[in-house]
Every structure is written in structure tokens, then in C-alpha cells.
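Trainee: Quick one, my_file_21.txt (compact mmCIF, C-alpha atoms and all ligand atoms):
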# COMPACT_ATOMS: atom_id res chain seq x y z
CA MET A 1248 49.38 55.75 111.52
CA LYS A 1249 47.96 57.88 114.30
CA VAL A 1250 49.98 59.77 116.88
CA LEU A 1251 48.31 60.80 120.13
CA GLY A 1252 49.86 63.75 121.96
CA ILE A 1253 48.95 64.25 125.60
CA CYS A 1254 49.53 67.91 126.45
CA GLY A 1255 49.83 67.90 130.23
CA SER A 1256 50.12 71.61 130.99
CA TYR A 1257 47.00 73.58 131.88
CA ARG A 1258 48.58 76.85 130.65
CA SER A 1259 47.35 78.18 127.33
CA GLU A 1260 50.85 79.47 126.44
CA SER A 1261 52.49 76.25 127.54
CA ASN A 1262 56.01 75.35 126.46
CA THR A 1263 55.41 71.68 127.25
CA ASN A 1264 52.34 71.54 125.04
CA ASN A 1265 54.17 73.44 122.31
CA ILE A 1266 56.98 70.85 122.33
CA VAL A 1267 54.48 67.96 122.24
CA LYS A 1268 52.83 69.63 119.23
CA ARG A 1269 56.16 70.12 117.44
CA VAL A 1270 57.12 66.48 117.96
CA ALA A 1271 53.73 65.39 116.60
CA GLU A 1272 53.95 67.70 113.57
CA SER A 1273 57.45 66.47 112.73
CA ALA A 1274 56.35 62.82 112.79
CA ASN A 1275 54.55 63.38 109.49
CA SER A 1276 51.54 61.26 110.49
CA ASP A 1277 47.96 61.93 111.45
CA PHE A 1278 47.99 63.28 114.94
CA GLU A 1279 45.61 64.36 117.64
CA LEU A 1280 46.48 66.52 120.62
CA VAL A 1281 44.57 66.11 123.85
CA TYR A 1282 44.94 69.06 126.22
CA LEU A 1283 44.49 67.78 129.76
CA GLY A 1284 43.49 71.31 130.78
CA LYS A 1285 40.38 70.93 128.65
CA THR A 1286 39.46 67.56 130.14
CA LYS A 1287 37.85 66.50 133.37
CA ILE A 1288 39.79 63.61 134.89
CA LYS A 1289 39.03 62.57 138.44
CA PRO A 1290 41.67 60.83 140.58
CA CYS A 1291 41.67 57.04 140.63
CA THR A 1292 39.88 55.89 143.79
CA GLY A 1293 41.64 52.52 143.78
CA CYS A 1294 38.32 50.64 143.80
CA LEU A 1295 39.64 48.31 141.09
CA SER A 1296 36.15 47.88 139.65
CA CYS A 1297 37.96 48.02 136.31
CA ALA A 1298 39.67 44.71 137.13
CA MET A 1299 36.29 43.05 137.65
CA ASN A 1300 34.50 44.84 134.84
CA GLU A 1301 36.53 44.11 131.69
CA GLY A 1302 38.61 47.24 132.03
CA ASN A 1303 35.72 49.68 132.30
CA CYS A 1304 36.23 52.38 134.91
CA ILE A 1305 33.14 53.33 136.89
CA LEU A 1306 34.11 57.03 136.88
CA ASP A 1307 32.24 58.91 134.18
CA ASP A 1308 34.61 61.55 132.89
CA SER A 1309 37.01 62.37 130.04
CA MET A 1310 39.02 59.19 130.56
CA ARG A 1311 36.24 57.19 128.89
CA GLU A 1312 37.13 58.80 125.56
CA LEU A 1313 40.85 58.82 126.32
CA TYR A 1314 40.95 55.06 126.94
CA GLU A 1315 39.76 54.49 123.37
CA LYS A 1316 42.22 57.03 121.97
CA LEU A 1317 45.16 55.39 123.78
CA ILE A 1318 44.23 51.94 122.52
CA ALA A 1319 43.71 53.20 118.95
CA ALA A 1320 46.96 55.23 118.84
CA ASP A 1321 50.02 53.90 117.03
CA ALA A 1322 52.32 56.15 119.06
CA ILE A 1323 52.03 58.32 122.16
CA ILE A 1324 53.72 61.60 123.09
CA LEU A 1325 53.32 62.39 126.77
CA GLY A 1326 54.19 65.82 128.09
CA SER A 1327 54.22 67.23 131.60
CA PRO A 1328 55.62 70.40 133.11
CA THR A 1329 57.91 69.68 136.07
CA PHE A 1330 56.16 70.58 139.33
CA ARG A 1331 57.95 69.97 142.63
CA GLU A 1332 60.63 68.05 140.75
CA ASP A 1333 58.21 65.51 139.26
CA VAL A 1334 55.29 65.36 136.85
CA THR A 1335 52.23 67.48 137.68
CA GLY A 1336 49.37 66.09 139.74
CA ALA A 1337 47.17 66.29 136.64
CA VAL A 1338 49.52 64.09 134.61
CA LYS A 1339 49.97 61.62 137.48
CA CYS A 1340 46.18 61.47 137.76
CA PHE A 1341 45.96 60.62 134.04
CA ILE A 1342 48.73 58.00 134.42
CA ASP A 1343 46.99 56.37 137.40
CA ARG A 1344 43.65 56.20 135.63
CA THR A 1345 45.10 54.34 132.65
CA ILE A 1346 45.32 51.21 134.82
CA ALA A 1347 41.75 50.41 133.77
CA ILE A 1348 42.74 49.38 130.25
CA TYR A 1349 45.06 46.69 131.65
CA TYR A 1350 41.85 44.72 132.19
CA ARG A 1351 40.44 45.04 128.67
CA GLY A 1352 41.95 41.69 127.68
CA ILE A 1353 44.15 43.34 125.05
CA GLY A 1354 47.92 42.89 124.71
CA PRO A 1355 50.54 40.64 126.30
CA ASP A 1356 50.14 39.36 129.87
CA SER A 1357 51.79 41.52 132.48
CA GLY A 1358 53.40 38.40 133.94
CA GLU A 1359 52.24 39.32 137.46
CA PRO A 1360 49.09 37.92 139.04
CA TYR A 1361 46.05 40.22 138.99
CA THR A 1362 47.73 43.02 137.01
CA GLY A 1363 46.06 42.30 133.71
CA LYS A 1364 47.58 42.87 130.32
CA ARG A 1365 49.60 45.61 128.63
CA PRO A 1366 47.46 47.01 125.77
CA LEU A 1367 49.97 49.75 124.87
CA ALA A 1368 52.87 47.29 124.50
CA GLY A 1369 55.15 47.97 121.55
CA LYS A 1370 53.80 51.46 120.84
CA PRO A 1371 56.56 54.01 120.41
CA GLY A 1372 56.59 56.83 122.94
CA VAL A 1373 58.17 60.25 123.33
CA ALA A 1374 58.26 61.91 126.75
CA VAL A 1375 58.53 65.66 127.25
CA THR A 1376 59.01 67.71 130.40
CA THR A 1377 59.95 71.35 130.89
CA THR A 1378 61.45 73.06 133.93
CA ALA A 1379 62.70 76.35 135.22
CA GLY A 1380 65.96 74.49 135.85
CA VAL A 1381 65.57 72.02 138.72
CA GLY A 1382 64.25 68.50 138.99
CA SER A 1383 63.60 67.31 135.47
CA ASP A 1384 65.50 64.06 136.25
CA ARG A 1385 62.72 62.72 138.38
CA ALA A 1386 59.95 64.03 136.13
CA VAL A 1387 61.41 62.44 133.00
CA GLU A 1388 62.06 59.23 134.93
CA THR A 1389 58.38 59.09 135.94
CA LEU A 1390 57.40 59.40 132.27
CA ARG A 1391 60.04 56.87 131.14
CA LEU A 1392 58.93 54.39 133.79
CA TYR A 1393 55.34 54.79 132.61
CA PHE A 1394 56.45 53.74 129.12
CA GLU A 1395 58.46 50.85 130.61
CA ILE A 1396 55.53 49.57 132.69
CA ASN A 1397 53.41 49.68 129.54
CA ARG A 1398 56.20 47.93 127.61
CA MET A 1399 56.23 50.74 125.11
CA LYS A 1400 59.26 51.59 123.02
CA VAL A 1401 61.03 54.75 124.16
CA ILE A 1402 61.89 56.84 121.10
CA ALA A 1403 63.06 59.99 122.86
CA LEU A 1404 63.09 61.63 126.27
CA LEU A 1405 63.06 65.41 126.17
CA PRO A 1406 63.73 67.09 129.52
CA GLU A 1407 64.00 70.76 128.57
CA VAL A 1408 65.13 73.65 130.74
CA VAL A 1409 63.15 76.63 129.52
CA GLY A 1410 63.10 78.98 132.51
CA ILE A 1411 60.78 81.87 131.78
CA ASN A 1412 61.48 81.76 128.05
CA ASN A 1413 59.22 80.78 125.19
CA ILE A 1414 60.49 77.77 123.27
CA ASP A 1415 59.62 79.52 120.02
CA ASP A 1416 62.79 81.54 120.75
CA MET A 1417 64.89 78.46 121.63
CA PRO A 1418 66.18 76.86 118.41
CA ASP A 1419 68.00 74.04 120.26
CA VAL A 1420 64.78 72.95 121.98
CA ILE A 1421 62.88 73.11 118.70
CA ALA A 1422 65.60 71.12 116.94
CA ARG A 1423 65.45 68.36 119.58
CA ALA A 1424 61.63 68.25 119.34
CA GLU A 1425 61.79 68.00 115.55
CA ALA A 1426 64.52 65.33 115.70
CA ALA A 1427 62.35 63.30 118.08
CA GLY A 1428 59.42 63.65 115.67
CA LYS A 1429 61.55 62.44 112.76
CA LYS A 1430 62.75 59.48 114.83
CA LEU A 1431 59.13 58.69 115.60
CA GLU A 1432 58.24 58.90 111.92
CA LYS A 1433 61.03 56.44 111.10
CA GLU A 1434 59.78 54.02 113.75
CA LEU A 1435 56.20 54.28 112.50
CA THR A 1436 57.29 53.67 108.92
CA LYS A 1437 59.10 50.53 110.10
CA THR A 1438 55.93 49.36 111.88
CA LYS A 1439 53.83 49.95 108.76
CA LEU A 1440 56.05 47.73 106.57
C1 LIG B 1501 53.57 74.44 141.22
C2 LIG B 1501 54.81 74.59 140.40
C3 LIG B 1501 55.91 73.84 140.72
C4 LIG B 1501 57.08 73.95 139.97
N1 LIG B 1501 58.15 73.20 140.32
C5 LIG B 1501 59.30 73.31 139.61
C6 LIG B 1501 60.45 72.55 139.96
O1 LIG B 1501 60.44 71.74 140.88
N2 LIG B 1501 61.58 72.73 139.23
C7 LIG B 1501 61.63 73.63 138.20
O2 LIG B 1501 62.69 73.76 137.59
N3 LIG B 1501 60.55 74.32 137.82
C8 LIG B 1501 59.39 74.20 138.51
N4 LIG B 1501 58.28 74.92 138.13
C9 LIG B 1501 58.33 75.71 136.88
C10 LIG B 1501 57.74 74.90 135.70
O3 LIG B 1501 58.29 73.60 135.63
C11 LIG B 1501 58.04 75.55 134.38
O4 LIG B 1501 57.62 76.88 134.39
C12 LIG B 1501 57.43 74.78 133.22
O5 LIG B 1501 58.20 75.00 132.06
C13 LIG B 1501 55.99 75.17 132.91
O6 LIG B 1501 55.54 74.41 131.82
P1 LIG B 1501 54.42 74.94 130.80
O7 LIG B 1501 54.97 76.17 130.12
O8 LIG B 1501 54.26 73.80 129.87
O9 LIG B 1501 53.18 75.21 131.60
C14 LIG B 1501 57.12 74.84 138.87
C15 LIG B 1501 56.00 75.61 138.55
C16 LIG B 1501 54.86 75.50 139.31
C17 LIG B 1501 53.64 76.32 138.94
Let me see the file written as C-alpha cells.
Ligand SMILES: Cc1cc2nc3c(=O)[nH]c(=O)nc-3n(C[C@H](O)[C@H](O)[C@H](O)COP(=O)(O)O)c2cc1C
Mentor:
Amino acid sequence: MKVLGICGSYRSESNTNNIVKRVAESANSDFELVYLGKTKIKPCTGCLSCAMNEGNCILDDSMRELYEKLIAADAIILGSPTFREDVTGAVKCFIDRTIAIYYRGIGPDSGEPYTGKRPLAGKPGVAVTTTAGVGSDRAVETLRLYFEINRMKVIALLPEVVGINNIDDMPDVIARAEAAGKKLEKELTKTKL
């Protein structure tokens, strides 16, 4: 069982990325963390070449590798800091670009004309966002909706108010991250049986 953690903050001392890592560690499975700050992901141009090209995006950047990782993952943890009361532009850019894999011919039909399939359907997901105190509702809703559109199974939503603190000094935040990881582990064990 392989857990893929998407660490959406570009900061090296990121609380969001730290929470994603703690969830992944607590799930007791193989995991890989992808730091979006170390990737190059261009914005989706909306050309929809992917729809005509078996789900292959014409943009040559880090998404090429990430498409394969998303499809291969058994579970996904998606983390974004809250910027302007929503996910960051970098995370939205990643979310937008994942449309390409809808046209790979994998997964259940979307049910709508021309919108391909849902290759991540059924995969458990944990969403993480951190804020200074305002606007996590919308950010976590963006992440939840992403799981819903992909027909993934929401295991936990973690909107955390961290202010200027470090979550290493916030036992409640750590406890919620670890509980989410344990819940993910339980779900993955069920899937394995
Ligand atoms: C451009 C920008 C916009 C932000 N917007 C908000 C916001 O709307 N509400 C809020 O509570 N915090 C906001 N913050 C603070 C971050 O959400 C907060 O510091 C977050 O925990 C950083 O995550 P990280 O440690 O993972 O990088 C903003 C920070 C930046 C740089």
C-alpha cells in the first residue's frame, strides 16, 4: 500500500508540509512526499489536448511524473497553506493540471459527456490546510471538493489554525494528524483484505 503526500507549501519550515508528513508516517504504509516547491508545474492552458491524446498533457514539466504517482497511489494526502482564504495558487495549479488523467481511460465514467473517467475513484484522501486564523473554511472546502470530484473517499479534513507557531509545539494539531494517519491505515488495511 502506497501513500502519496502532496506537500503544497513552498516554505522549507512549513507547518502544512509537516502535518502531511505526520499523517503519512502515522498511516504505517510506504509513503512518498512530493514537495510542490521542488517541482515545476506550469498552469493548465485549457487546450484540452489531453482529452484528444489519451490523457497525455502536452506540457513537459513535473506533472508528467506526478500523473503516474497519483495513479499508482493507494491513498492521497493533499496539503495547502491557506492564502487569501483559499488554497494557494500553486496547489490550485496542481489540481487543475490533474484533469489530464481523466482521459487515460482508467476508472469509472464521470457520467457527464466529454469529461472522461475518474482514475482516482475510491482512493482514500486526507486534506490538510493551515492558517493564521482566517479563511480555512473555503480552503478545506476546495480540497474536499477536489476529492469529491475525483470520487475519492474522504478520511479526514484537517483545517488547522497555527498562527505564527510551529506545529511541533502544538500537541493537539499533532494528535489530530496522527489520528488521521491511523484512520487512513485502517482504511488501507480494509482495502488490502
Ligand atoms: C499570500 C499569503 C496569504 C495568506 N492568506 C491568509 C488568509 O487568508 N488567512 C489566514 O488565516 N492566513 C493567511 N496566510 C497565512 C498562512 O495561511 C499561514 O502562515 C500558513 O500556516 C502557512 O503555511 P506553511 O507554514 O505550510 O507555509 C497567508 C499567508 C500568505 C503568505
Trainee: With 7 Å as the cut-off and all atoms listed in the file counted, what is the closest atom pair between each nearby residue of chain A and ligand LIG 1501 (chain B)? Distances in Å to one decimal, ordered by chain and number, as CSV.
Mentor:
residue,atom,partner,partner_atom,distance
A:Ser1256,CA,B:LIG1501,O9,4.8
A:Tyr1257,CA,B:LIG1501,O9,6.4
A:Arg1258,CA,B:LIG1501,O9,5.0
A:Glu1260,CA,B:LIG1501,O7,6.4
A:Ser1261,CA,B:LIG1501,O7,3.6
A:Asn1262,CA,B:LIG1501,O7,3.9
A:Thr1263,CA,B:LIG1501,O8,3.6
A:Asn1264,CA,B:LIG1501,O8,5.7
A:Ser1327,CA,B:LIG1501,O8,6.8
A:Pro1328,CA,B:LIG1501,O6,4.2
A:Thr1329,CA,B:LIG1501,O3,4.0
A:Phe1330,CA,B:LIG1501,N1,3.4
A:Arg1331,CA,B:LIG1501,O1,3.5
A:Glu1332,CA,B:LIG1501,O1,3.7
A:Asp1333,CA,B:LIG1501,O1,6.8
A:Thr1377,CA,B:LIG1501,O5,4.2
A:Thr1378,CA,B:LIG1501,O3,3.6
A:Ala1379,CA,B:LIG1501,O2,3.5
A:Gly1380,CA,B:LIG1501,O2,3.8
A:Val1381,CA,B:LIG1501,O2,3.5
A:Gly1382,CA,B:LIG1501,N2,5.0
A:Ser1383,CA,B:LIG1501,O2,6.9
A:Val1409,CA,B:LIG1501,O5,5.8
A:Gly1410,CA,B:LIG1501,O4,6.2
A:Ile1411,CA,B:LIG1501,O4,6.5
Trainee: Just give me the gap between CA of Thr1345 (chain A) and CA of Glu1432 (chain A) in Å, one decimal is fine.
Mentor: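 The value is 25.0 Å.
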Trainee: Quote the spacing between CA of Ala1320 (chain A) and CA of Lys1289 (chain A) in Å to one decimal place.
Mentor: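 Answer for the CA of Ala1320 (chain A) to CA of Lys1289 (chain A) separation: 22.4 Å.
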Trainee: Do you have the CA of Arg1365 (chain A)-CA of Ile1346 (chain A) distance handy?
Mentor: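 Between CA of Arg1365 (chain A) and CA of Ile1346 (chain A) the gap works out to 9.4 Å.
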Trainee: I want to know what sits within 7 Å of Val1373 (chain A), based on only C-alpha atoms, with residues of the same chain fewer than 2 positions away left out; could you give that as a PyMOL selection string?
Mentor: chain A and resi 1323-1325+1375+1401-1404
Trainee: Could you pull the residues within 7 Å of Ala1368 (chain A), counting only C-alpha atoms, minus those fewer than 4 positions along the same chain, as a list in words?
Mentor: Gly1354, Asn1397, Arg1398 and Met1399 of chain A
Trainee: Store the residues picked out above, limited to C-alpha atoms, as an mmCIF file, in the coordinates of the input.
Mentor:
data_model
loop_
_atom_site.group_PDB
_atom_site.id
_atom_site.type_symbol
_atom_site.label_atom_id
_atom_site.label_comp_id
_atom_site.auth_asym_id
_atom_site.auth_seq_id
_atom_site.Cartn_x
_atom_site.Cartn_y
_atom_site.Cartn_z
ATOM 1 C CA GLY A 1354 47.920 42.890 124.710
ATOM 2 C CA ASN A 1397 53.410 49.680 129.540
ATOM 3 C CA ARG A 1398 56.200 47.930 127.610
ATOM 4 C CA MET A 1399 56.230 50.740 125.110
#
Trainee: Determine the nearest neighbour of Leu1306 (chain A) from the options A:Val1387, A:Ala1374, A:Ala1347, A:Val1334, counting only C-alpha atoms.
Mentor: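 Of A:Val1387, A:Ala1374, A:Ala1347, A:Val1334, the one nearest Leu1306 (chain A), counting only C-alpha atoms, is A:Ala1347.
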